[in-house]
$ cat work14.pdb   # PDB, N, CA and C atoms, pLDDT in the B column
MODEL        1
ATOM      1  N   MET B 182       0.852  -1.181   0.000  1.00 42.00           N
ATOM      2  CA  MET B 182       0.000   0.000   0.000  1.00 42.00           C
ATOM      3  C   MET B 182       0.894   1.239   0.000  1.00 42.00           C
ATOM      4  N   THR B 183       0.471   2.226  -0.753  1.00 59.00           N
ATOM      5  CA  THR B 183       1.216   3.478  -0.841  1.00 59.00           C
ATOM      6  C   THR B 183       1.154   4.216   0.485  1.00 59.00           C
ATOM      7  N   GLU B 184       2.285   4.767   0.886  1.00 86.00           N
ATOM      8  CA  GLU B 184       2.342   5.510   2.130  1.00 86.00           C
ATOM      9  C   GLU B 184       1.514   6.793   2.016  1.00 86.00           C
ATOM     10  N   PHE B 185       0.782   7.117   3.076  1.00 87.00           N
ATOM     11  CA  PHE B 185      -0.116   8.268   3.078  1.00 87.00           C
ATOM     12  C   PHE B 185       0.594   9.562   2.695  1.00 87.00           C
ATOM     13  N   LYS B 186       1.794   9.782   3.212  1.00 91.00           N
ATOM     14  CA  LYS B 186       2.515  11.030   2.912  1.00 91.00           C
ATOM     15  C   LYS B 186       2.772  11.171   1.419  1.00 91.00           C
ATOM     16  N   GLN B 187       3.017  10.064   0.749  1.00 91.00           N
ATOM     17  CA  GLN B 187       3.274  10.112  -0.690  1.00 91.00           C
ATOM     18  C   GLN B 187       1.996  10.378  -1.477  1.00 91.00           C
ATOM     19  N   VAL B 188       0.894   9.820  -1.027  1.00 91.00           N
ATOM     20  CA  VAL B 188      -0.399  10.095  -1.659  1.00 91.00           C
ATOM     21  C   VAL B 188      -0.731  11.574  -1.492  1.00 91.00           C
ATOM     22  N   LEU B 189      -0.564  12.091  -0.290  1.00 93.00           N
ATOM     23  CA  LEU B 189      -0.844  13.492  -0.026  1.00 93.00           C
ATOM     24  C   LEU B 189       0.037  14.384  -0.892  1.00 93.00           C
ATOM     25  N   ARG B 190       1.304  14.038  -1.001  1.00 95.00           N
ATOM     26  CA  ARG B 190       2.239  14.824  -1.815  1.00 95.00           C
ATOM     27  C   ARG B 190       1.756  14.921  -3.262  1.00 95.00           C
ATOM     28  N   LYS B 191       1.367  13.801  -3.823  1.00 94.00           N
ATOM     29  CA  LYS B 191       0.899  13.777  -5.212  1.00 94.00           C
ATOM     30  C   LYS B 191      -0.404  14.546  -5.374  1.00 94.00           C
ATOM     31  N   ARG B 192      -1.342  14.306  -4.467  1.00 95.00           N
ATOM     32  CA  ARG B 192      -2.643  14.984  -4.560  1.00 95.00           C
ATOM     33  C   ARG B 192      -2.496  16.493  -4.385  1.00 95.00           C
ATOM     34  N   LEU B 193      -1.637  16.905  -3.470  1.00 96.00           N
ATOM     35  CA  LEU B 193      -1.421  18.317  -3.233  1.00 96.00           C
ATOM     36  C   LEU B 193      -0.867  18.986  -4.489  1.00 96.00           C
ATOM     37  N   ARG B 194       0.065  18.331  -5.145  1.00 96.00           N
ATOM     38  CA  ARG B 194       0.631  18.875  -6.388  1.00 96.00           C
ATOM     39  C   ARG B 194      -0.435  19.009  -7.472  1.00 96.00           C
ATOM     40  N   VAL B 195      -1.281  17.996  -7.614  1.00 95.00           N
ATOM     41  CA  VAL B 195      -2.346  18.023  -8.622  1.00 95.00           C
ATOM     42  C   VAL B 195      -3.334  19.156  -8.318  1.00 95.00           C
ATOM     43  N   LEU B 196      -3.766  19.234  -7.075  1.00 96.00           N
ATOM     44  CA  LEU B 196      -4.744  20.254  -6.697  1.00 96.00           C
ATOM     45  C   LEU B 196      -4.171  21.658  -6.815  1.00 96.00           C
ATOM     46  N   MET B 197      -2.898  21.817  -6.503  1.00 97.00           N
ATOM     47  CA  MET B 197      -2.254  23.123  -6.667  1.00 97.00           C
ATOM     48  C   MET B 197      -2.190  23.501  -8.147  1.00 97.00           C
ATOM     49  N   ALA B 198      -1.881  22.551  -9.004  1.00 96.00           N
ATOM     50  CA  ALA B 198      -1.834  22.820 -10.445  1.00 96.00           C
ATOM     51  C   ALA B 198      -3.217  23.202 -10.961  1.00 96.00           C
ATOM     52  N   GLU B 199      -4.241  22.494 -10.506  1.00 95.00           N
ATOM     53  CA  GLU B 199      -5.608  22.800 -10.926  1.00 95.00           C
ATOM     54  C   GLU B 199      -6.032  24.194 -10.472  1.00 95.00           C
ATOM     55  N   ALA B 200      -5.543  24.614  -9.306  1.00 96.00           N
ATOM     56  CA  ALA B 200      -5.871  25.940  -8.775  1.00 96.00           C
ATOM     57  C   ALA B 200      -4.900  27.004  -9.282  1.00 96.00           C
ATOM     58  N   ASP B 201      -3.929  26.590 -10.115  1.00 97.00           N
ATOM     59  CA  ASP B 201      -2.902  27.489 -10.632  1.00 97.00           C
ATOM     60  C   ASP B 201      -2.229  28.246  -9.490  1.00 97.00           C
ATOM     61  N   MET B 202      -1.749  27.473  -8.522  1.00 98.00           N
ATOM     62  CA  MET B 202      -1.189  28.036  -7.295  1.00 98.00           C
ATOM     63  C   MET B 202       0.172  27.404  -7.023  1.00 98.00           C
ATOM     64  N   ASN B 203       1.143  28.220  -6.626  1.00 98.00           N
ATOM     65  CA  ASN B 203       2.444  27.670  -6.228  1.00 98.00           C
ATOM     66  C   ASN B 203       2.496  27.581  -4.701  1.00 98.00           C
ATOM     67  N   ALA B 204       3.602  27.069  -4.184  1.00 98.00           N
ATOM     68  CA  ALA B 204       3.723  26.839  -2.742  1.00 98.00           C
ATOM     69  C   ALA B 204       3.594  28.129  -1.943  1.00 98.00           C
ATOM     70  N   GLU B 205       4.195  29.188  -2.434  1.00 98.00           N
ATOM     71  CA  GLU B 205       4.131  30.463  -1.724  1.00 98.00           C
ATOM     72  C   GLU B 205       2.699  31.001  -1.667  1.00 98.00           C
ATOM     73  N   GLN B 206       1.992  30.873  -2.770  1.00 98.00           N
ATOM     74  CA  GLN B 206       0.601  31.332  -2.815  1.00 98.00           C
ATOM     75  C   GLN B 206      -0.284  30.490  -1.904  1.00 98.00           C
ATOM     76  N   LEU B 207      -0.064  29.188  -1.898  1.00 98.00           N
ATOM     77  CA  LEU B 207      -0.838  28.315  -1.017  1.00 98.00           C
ATOM     78  C   LEU B 207      -0.567  28.667   0.437  1.00 98.00           C
ATOM     79  N   SER B 208       0.674  28.910   0.758  1.00 98.00           N
ATOM     80  CA  SER B 208       1.032  29.294   2.121  1.00 98.00           C
ATOM     81  C   SER B 208       0.324  30.573   2.536  1.00 98.00           C
ATOM     82  N   ALA B 209       0.379  31.573   1.676  1.00 98.00           N
ATOM     83  CA  ALA B 209      -0.240  32.860   1.994  1.00 98.00           C
ATOM     84  C   ALA B 209      -1.758  32.743   2.132  1.00 98.00           C
ATOM     85  N   LYS B 210      -2.378  31.997   1.223  1.00 98.00           N
ATOM     86  CA  LYS B 210      -3.843  31.880   1.236  1.00 98.00           C
ATOM     87  C   LYS B 210      -4.355  31.018   2.385  1.00 98.00           C
ATOM     88  N   SER B 211      -3.573  30.011   2.777  1.00 98.00           N
ATOM     89  CA  SER B 211      -4.025  29.082   3.815  1.00 98.00           C
ATOM     90  C   SER B 211      -3.586  29.481   5.214  1.00 98.00           C
ATOM     91  N   GLY B 212      -2.527  30.293   5.311  1.00 98.00           N
ATOM     92  CA  GLY B 212      -1.990  30.638   6.622  1.00 98.00           C
ATOM     93  C   GLY B 212      -1.070  29.562   7.178  1.00 98.00           C
ATOM     94  N   VAL B 213      -0.719  28.587   6.343  1.00 98.00           N
ATOM     95  CA  VAL B 213       0.206  27.519   6.727  1.00 98.00           C
ATOM     96  C   VAL B 213       1.603  27.972   6.311  1.00 98.00           C
ATOM     97  N   SER B 214       2.586  27.765   7.160  1.00 98.00           N
ATOM     98  CA  SER B 214       3.934  28.251   6.860  1.00 98.00           C
ATOM     99  C   SER B 214       4.472  27.644   5.568  1.00 98.00           C
ATOM    100  N   ILE B 215       5.284  28.415   4.880  1.00 98.00           N
ATOM    101  CA  ILE B 215       5.883  27.938   3.634  1.00 98.00           C
ATOM    102  C   ILE B 215       6.758  26.715   3.888  1.00 98.00           C
ATOM    103  N   ASP B 216       7.435  26.685   5.024  1.00 98.00           N
ATOM    104  CA  ASP B 216       8.267  25.519   5.350  1.00 98.00           C
ATOM    105  C   ASP B 216       7.419  24.252   5.463  1.00 98.00           C
ATOM    106  N   ALA B 217       6.263  24.370   6.105  1.00 98.00           N
ATOM    107  CA  ALA B 217       5.375  23.214   6.242  1.00 98.00           C
ATOM    108  C   ALA B 217       4.848  22.774   4.879  1.00 98.00           C
ATOM    109  N   VAL B 218       4.419  23.721   4.060  1.00 98.00           N
ATOM    110  CA  VAL B 218       3.913  23.386   2.724  1.00 98.00           C
ATOM    111  C   VAL B 218       4.992  22.658   1.931  1.00 98.00           C
ATOM    112  N   ARG B 219       6.206  23.139   1.993  1.00 98.00           N
ATOM    113  CA  ARG B 219       7.308  22.489   1.263  1.00 98.00           C
ATOM    114  C   ARG B 219       7.574  21.080   1.787  1.00 98.00           C
ATOM    115  N   GLN B 220       7.449  20.878   3.097  1.00 97.00           N
ATOM    116  CA  GLN B 220       7.628  19.531   3.662  1.00 97.00           C
ATOM    117  C   GLN B 220       6.546  18.591   3.139  1.00 97.00           C
ATOM    118  N   TYR B 221       5.310  19.068   3.043  1.00 97.00           N
ATOM    119  CA  TYR B 221       4.220  18.246   2.513  1.00 97.00           C
ATOM    120  C   TYR B 221       4.491  17.903   1.048  1.00 97.00           C
ATOM    121  N   LEU B 222       4.974  18.888   0.284  1.00 97.00           N
ATOM    122  CA  LEU B 222       5.232  18.679  -1.138  1.00 97.00           C
ATOM    123  C   LEU B 222       6.404  17.721  -1.381  1.00 97.00           C
ATOM    124  N   ARG B 223       7.301  17.616  -0.438  1.00 96.00           N
ATOM    125  CA  ARG B 223       8.416  16.670  -0.540  1.00 96.00           C
ATOM    126  C   ARG B 223       8.052  15.303   0.035  1.00 96.00           C
ATOM    127  N   GLY B 224       6.888  15.187   0.655  1.00 93.00           N
ATOM    128  CA  GLY B 224       6.459  13.916   1.243  1.00 93.00           C
ATOM    129  C   GLY B 224       7.180  13.586   2.528  1.00 93.00           C
ATOM    130  N   GLU B 225       7.737  14.591   3.179  1.00 94.00           N
ATOM    131  CA  GLU B 225       8.478  14.373   4.417  1.00 94.00           C
ATOM    132  C   GLU B 225       7.567  14.215   5.630  1.00 94.00           C
ATOM    133  N   THR B 226       6.446  14.873   5.583  1.00 94.00           N
ATOM    134  CA  THR B 226       5.503  14.842   6.690  1.00 94.00           C
ATOM    135  C   THR B 226       4.096  15.065   6.154  1.00 94.00           C
ATOM    136  N   ALA B 227       3.105  14.818   6.975  1.00 93.00           N
ATOM    137  CA  ALA B 227       1.702  15.051   6.600  1.00 93.00           C
ATOM    138  C   ALA B 227       1.097  16.015   7.608  1.00 93.00           C
ATOM    139  N   PRO B 228       0.154  16.838   7.165  1.00 95.00           N
ATOM    140  CA  PRO B 228      -0.442  17.823   8.066  1.00 95.00           C
ATOM    141  C   PRO B 228      -1.419  17.203   9.056  1.00 95.00           C
ATOM    142  N   LEU B 229      -1.589  17.889  10.164  1.00 95.00           N
ATOM    143  CA  LEU B 229      -2.662  17.548  11.090  1.00 95.00           C
ATOM    144  C   LEU B 229      -3.981  17.886  10.415  1.00 95.00           C
ATOM    145  N   LEU B 230      -5.076  17.363  10.932  1.00 94.00           N
ATOM    146  CA  LEU B 230      -6.387  17.580  10.317  1.00 94.00           C
ATOM    147  C   LEU B 230      -6.717  19.062  10.194  1.00 94.00           C
ATOM    148  N   GLU B 231      -6.457  19.837  11.235  1.00 97.00           N
ATOM    149  CA  GLU B 231      -6.748  21.276  11.198  1.00 97.00           C
ATOM    150  C   GLU B 231      -5.987  21.952  10.052  1.00 97.00           C
ATOM    151  N   THR B 232      -4.746  21.578   9.865  1.00 97.00           N
ATOM    152  CA  THR B 232      -3.931  22.150   8.789  1.00 97.00           C
ATOM    153  C   THR B 232      -4.431  21.680   7.432  1.00 97.00           C
ATOM    154  N   ALA B 233      -4.797  20.416   7.337  1.00 95.00           N
ATOM    155  CA  ALA B 233      -5.340  19.886   6.081  1.00 95.00           C
ATOM    156  C   ALA B 233      -6.610  20.641   5.691  1.00 95.00           C
ATOM    157  N   CYS B 234      -7.422  20.995   6.663  1.00 96.00           N
ATOM    158  CA  CYS B 234      -8.642  21.761   6.399  1.00 96.00           C
ATOM    159  C   CYS B 234      -8.303  23.145   5.850  1.00 96.00           C
ATOM    160  N   LYS B 235      -7.269  23.778   6.388  1.00 98.00           N
ATOM    161  CA  LYS B 235      -6.840  25.093   5.898  1.00 98.00           C
ATOM    162  C   LYS B 235      -6.330  24.995   4.461  1.00 98.00           C
ATOM    163  N   LEU B 236      -5.542  23.967   4.196  1.00 98.00           N
ATOM    164  CA  LEU B 236      -5.024  23.778   2.841  1.00 98.00           C
ATOM    165  C   LEU B 236      -6.156  23.514   1.852  1.00 98.00           C
ATOM    166  N   ALA B 237      -7.077  22.652   2.257  1.00 97.00           N
ATOM    167  CA  ALA B 237      -8.211  22.316   1.389  1.00 97.00           C
ATOM    168  C   ALA B 237      -9.056  23.546   1.090  1.00 97.00           C
ATOM    169  N   GLU B 238      -9.334  24.342   2.101  1.00 97.00           N
ATOM    170  CA  GLU B 238     -10.129  25.553   1.886  1.00 97.00           C
ATOM    171  C   GLU B 238      -9.423  26.487   0.909  1.00 97.00           C
ATOM    172  N   ALA B 239      -8.121  26.654   1.071  1.00 98.00           N
ATOM    173  CA  ALA B 239      -7.360  27.518   0.180  1.00 98.00           C
ATOM    174  C   ALA B 239      -7.366  27.000  -1.254  1.00 98.00           C
ATOM    175  N   LEU B 240      -7.422  25.687  -1.412  1.00 97.00           N
ATOM    176  CA  LEU B 240      -7.418  25.066  -2.733  1.00 97.00           C
ATOM    177  C   LEU B 240      -8.819  24.893  -3.314  1.00 97.00           C
ATOM    178  N   GLY B 241      -9.839  25.177  -2.529  1.00 96.00           N
ATOM    179  CA  GLY B 241     -11.214  25.039  -3.008  1.00 96.00           C
ATOM    180  C   GLY B 241     -11.654  23.590  -3.116  1.00 96.00           C
ATOM    181  N   CYS B 242     -11.195  22.767  -2.191  1.00 95.00           N
ATOM    182  CA  CYS B 242     -11.572  21.356  -2.196  1.00 95.00           C
ATOM    183  C   CYS B 242     -11.873  20.919  -0.764  1.00 95.00           C
ATOM    184  N   THR B 243     -12.092  19.646  -0.570  1.00 94.00           N
ATOM    185  CA  THR B 243     -12.340  19.122   0.767  1.00 94.00           C
ATOM    186  C   THR B 243     -11.071  18.454   1.288  1.00 94.00           C
ATOM    187  N   PRO B 244     -10.955  18.274   2.593  1.00 93.00           N
ATOM    188  CA  PRO B 244      -9.810  17.528   3.119  1.00 93.00           C
ATOM    189  C   PRO B 244      -9.728  16.114   2.531  1.00 93.00           C
ATOM    190  N   ASN B 245     -10.869  15.513   2.232  1.00 92.00           N
ATOM    191  CA  ASN B 245     -10.870  14.182   1.612  1.00 92.00           C
ATOM    192  C   ASN B 245     -10.172  14.199   0.255  1.00 92.00           C
ATOM    193  N   ASP B 246     -10.312  15.296  -0.466  1.00 93.00           N
ATOM    194  CA  ASP B 246      -9.664  15.403  -1.778  1.00 93.00           C
ATOM    195  C   ASP B 246      -8.135  15.374  -1.650  1.00 93.00           C
ATOM    196  N   LEU B 247      -7.620  15.806  -0.521  1.00 91.00           N
ATOM    197  CA  LEU B 247      -6.178  15.825  -0.305  1.00 91.00           C
ATOM    198  C   LEU B 247      -5.600  14.433  -0.091  1.00 91.00           C
ATOM    199  N   CYS B 248      -6.443  13.519   0.337  1.00 86.00           N
ATOM    200  CA  CYS B 248      -5.914  12.193   0.682  1.00 86.00           C
ATOM    201  C   CYS B 248      -6.592  11.067  -0.091  1.00 86.00           C
ATOM    202  N   ALA B 249      -7.181  11.396  -1.225  1.00 80.00           N
ATOM    203  CA  ALA B 249      -7.853  10.376  -2.031  1.00 80.00           C
ATOM    204  C   ALA B 249      -6.832   9.430  -2.633  1.00 80.00           C
ATOM    205  N   PHE B 250      -6.868   8.173  -2.231  1.00 67.00           N
ATOM    206  CA  PHE B 250      -5.969   7.173  -2.783  1.00 67.00           C
ATOM    207  C   PHE B 250      -6.375   6.876  -4.218  1.00 67.00           C
ATOM    208  N   PRO B 251      -5.408   6.720  -5.101  1.00 60.00           N
ATOM    209  CA  PRO B 251      -5.752   6.371  -6.477  1.00 60.00           C
ATOM    210  C   PRO B 251      -6.355   4.976  -6.533  1.00 60.00           C
ATOM    211  N   LYS B 252      -7.296   4.794  -7.433  1.00 60.00           N
ATOM    212  CA  LYS B 252      -7.925   3.473  -7.584  1.00 60.00           C
ATOM    213  C   LYS B 252      -6.946   2.538  -8.249  1.00 60.00           C
ATOM    214  N   GLU B 253      -6.847   1.347  -7.688  1.00 55.00           N
ATOM    215  CA  GLU B 253      -5.946   0.350  -8.257  1.00 55.00           C
ATOM    216  C   GLU B 253      -6.723  -0.471  -9.264  1.00 55.00           C
ATOM    217  N   GLY B 254      -6.141  -0.625 -10.447  1.00 47.00           N
ATOM    218  CA  GLY B 254      -6.833  -1.318 -11.510  1.00 47.00           C
ATOM    219  C   GLY B 254      -6.399  -2.694 -11.584  1.00 47.00           C
TER     220      GLY B 254
ENDMDL
END
$ encode --input "work14.pdb" --output "structure tokens"
Amino acid sequence: MTEFKQVLRKRLRVLMAEADMNAEQLSAKSGVSIDAVRQYLRGETAPLLETACKLAEALGCTPNDLCAFPKEG
């Protein structure tokens, strides 16, 4: 099974691209530190639920969208 941090990293990148947002913009819009956003994007750590909610709101999605595992075919 894919590690959660790696799924989050991939989903975050996709959602940021869809929102046409870079890490600095996501940080500013969500109130999450740029260092934390960069750690999530590198798959080093995963956010707490409260932080995931802030990121999701800034991206215009739900926290579930941040951690949606890809369907295995």
$ atom_distance --input "work14.pdb" --atom1 "CA of Ala200 in chain B" --atom2 "CA of Glu184 in chain B"
24.6 Å
$ residues_around --input "work14.pdb" --residues "range 235-250 of chain B" --least-positions-apart "5" --cutoff "8 Å" --atoms "all atoms listed in the file" --output "list in words"
Phe185, Val188, Leu189, Arg190, Lys191, Arg192, Leu193, Leu196, Met197, Glu199, Ala200, Gln206, Leu207, Ser208, Ala209, Lys210, Ser211, Gly212, Val213, Leu229 and Leu230 of chain B
$ write_last_selection --input "work14.pdb" --atoms "N, CA and C atoms" --output "mmCIF file, in the coordinates of the input"
data_model
loop_
_atom_site.group_PDB
_atom_site.id
_atom_site.type_symbol
_atom_site.label_atom_id
_atom_site.label_comp_id
_atom_site.auth_asym_id
_atom_site.auth_seq_id
_atom_site.Cartn_x
_atom_site.Cartn_y
_atom_site.Cartn_z
ATOM 1 N N PHE B 185 0.782 7.117 3.076
ATOM 2 C CA PHE B 185 -0.116 8.268 3.078
ATOM 3 C C PHE B 185 0.594 9.562 2.695
ATOM 4 N N VAL B 188 0.894 9.820 -1.027
ATOM 5 C CA VAL B 188 -0.399 10.095 -1.659
ATOM 6 C C VAL B 188 -0.731 11.574 -1.492
ATOM 7 N N LEU B 189 -0.564 12.091 -0.290
ATOM 8 C CA LEU B 189 -0.844 13.492 -0.026
ATOM 9 C C LEU B 189 0.037 14.384 -0.892
ATOM 10 N N ARG B 190 1.304 14.038 -1.001
ATOM 11 C CA ARG B 190 2.239 14.824 -1.815
ATOM 12 C C ARG B 190 1.756 14.921 -3.262
ATOM 13 N N LYS B 191 1.367 13.801 -3.823
ATOM 14 C CA LYS B 191 0.899 13.777 -5.212
ATOM 15 C C LYS B 191 -0.404 14.546 -5.374
ATOM 16 N N ARG B 192 -1.342 14.306 -4.467
ATOM 17 C CA ARG B 192 -2.643 14.984 -4.560
ATOM 18 C C ARG B 192 -2.496 16.493 -4.385
ATOM 19 N N LEU B 193 -1.637 16.905 -3.470
ATOM 20 C CA LEU B 193 -1.421 18.317 -3.233
ATOM 21 C C LEU B 193 -0.867 18.986 -4.489
ATOM 22 N N LEU B 196 -3.766 19.234 -7.075
ATOM 23 C CA LEU B 196 -4.744 20.254 -6.697
ATOM 24 C C LEU B 196 -4.171 21.658 -6.815
ATOM 25 N N MET B 197 -2.898 21.817 -6.503
ATOM 26 C CA MET B 197 -2.254 23.123 -6.667
ATOM 27 C C MET B 197 -2.190 23.501 -8.147
ATOM 28 N N GLU B 199 -4.241 22.494 -10.506
ATOM 29 C CA GLU B 199 -5.608 22.800 -10.926
ATOM 30 C C GLU B 199 -6.032 24.194 -10.472
ATOM 31 N N ALA B 200 -5.543 24.614 -9.306
ATOM 32 C CA ALA B 200 -5.871 25.940 -8.775
ATOM 33 C C ALA B 200 -4.900 27.004 -9.282
ATOM 34 N N GLN B 206 1.992 30.873 -2.770
ATOM 35 C CA GLN B 206 0.601 31.332 -2.815
ATOM 36 C C GLN B 206 -0.284 30.490 -1.904
ATOM 37 N N LEU B 207 -0.064 29.188 -1.898
ATOM 38 C CA LEU B 207 -0.838 28.315 -1.017
ATOM 39 C C LEU B 207 -0.567 28.667 0.437
ATOM 40 N N SER B 208 0.674 28.910 0.758
ATOM 41 C CA SER B 208 1.032 29.294 2.121
ATOM 42 C C SER B 208 0.324 30.573 2.536
ATOM 43 N N ALA B 209 0.379 31.573 1.676
ATOM 44 C CA ALA B 209 -0.240 32.860 1.994
ATOM 45 C C ALA B 209 -1.758 32.743 2.132
ATOM 46 N N LYS B 210 -2.378 31.997 1.223
ATOM 47 C CA LYS B 210 -3.843 31.880 1.236
ATOM 48 C C LYS B 210 -4.355 31.018 2.385
ATOM 49 N N SER B 211 -3.573 30.011 2.777
ATOM 50 C CA SER B 211 -4.025 29.082 3.815
ATOM 51 C C SER B 211 -3.586 29.481 5.214
ATOM 52 N N GLY B 212 -2.527 30.293 5.311
ATOM 53 C CA GLY B 212 -1.990 30.638 6.622
ATOM 54 C C GLY B 212 -1.070 29.562 7.178
ATOM 55 N N VAL B 213 -0.719 28.587 6.343
ATOM 56 C CA VAL B 213 0.206 27.519 6.727
ATOM 57 C C VAL B 213 1.603 27.972 6.311
ATOM 58 N N LEU B 229 -1.589 17.889 10.164
ATOM 59 C CA LEU B 229 -2.662 17.548 11.090
ATOM 60 C C LEU B 229 -3.981 17.886 10.415
ATOM 61 N N LEU B 230 -5.076 17.363 10.932
ATOM 62 C CA LEU B 230 -6.387 17.580 10.317
ATOM 63 C C LEU B 230 -6.717 19.062 10.194
#
$ select_by_dssp --input "work14.pdb" --residues "chain B" --states "helix (DSSP H, G or I)" --output "VMD selection string"
chain B and resid 185 to 199 204 to 211 215 to 223 230 to 240 244 to 247
$ atom_distance --input "work14.pdb" --atom1 "atom N of Thr232 in chain B" --atom2 "atom C of Lys186 in chain B"
15.4 Å
$ axis_aligned_box --input "work14.pdb" --around "range 221-228 of chain B" --padding-each-side "8 Å" --output "JSON"
{"center_x": 3.5, "center_y": 16.3, "center_z": 3.8, "size_x": 25.9, "size_y": 21.5, "size_z": 26.4}
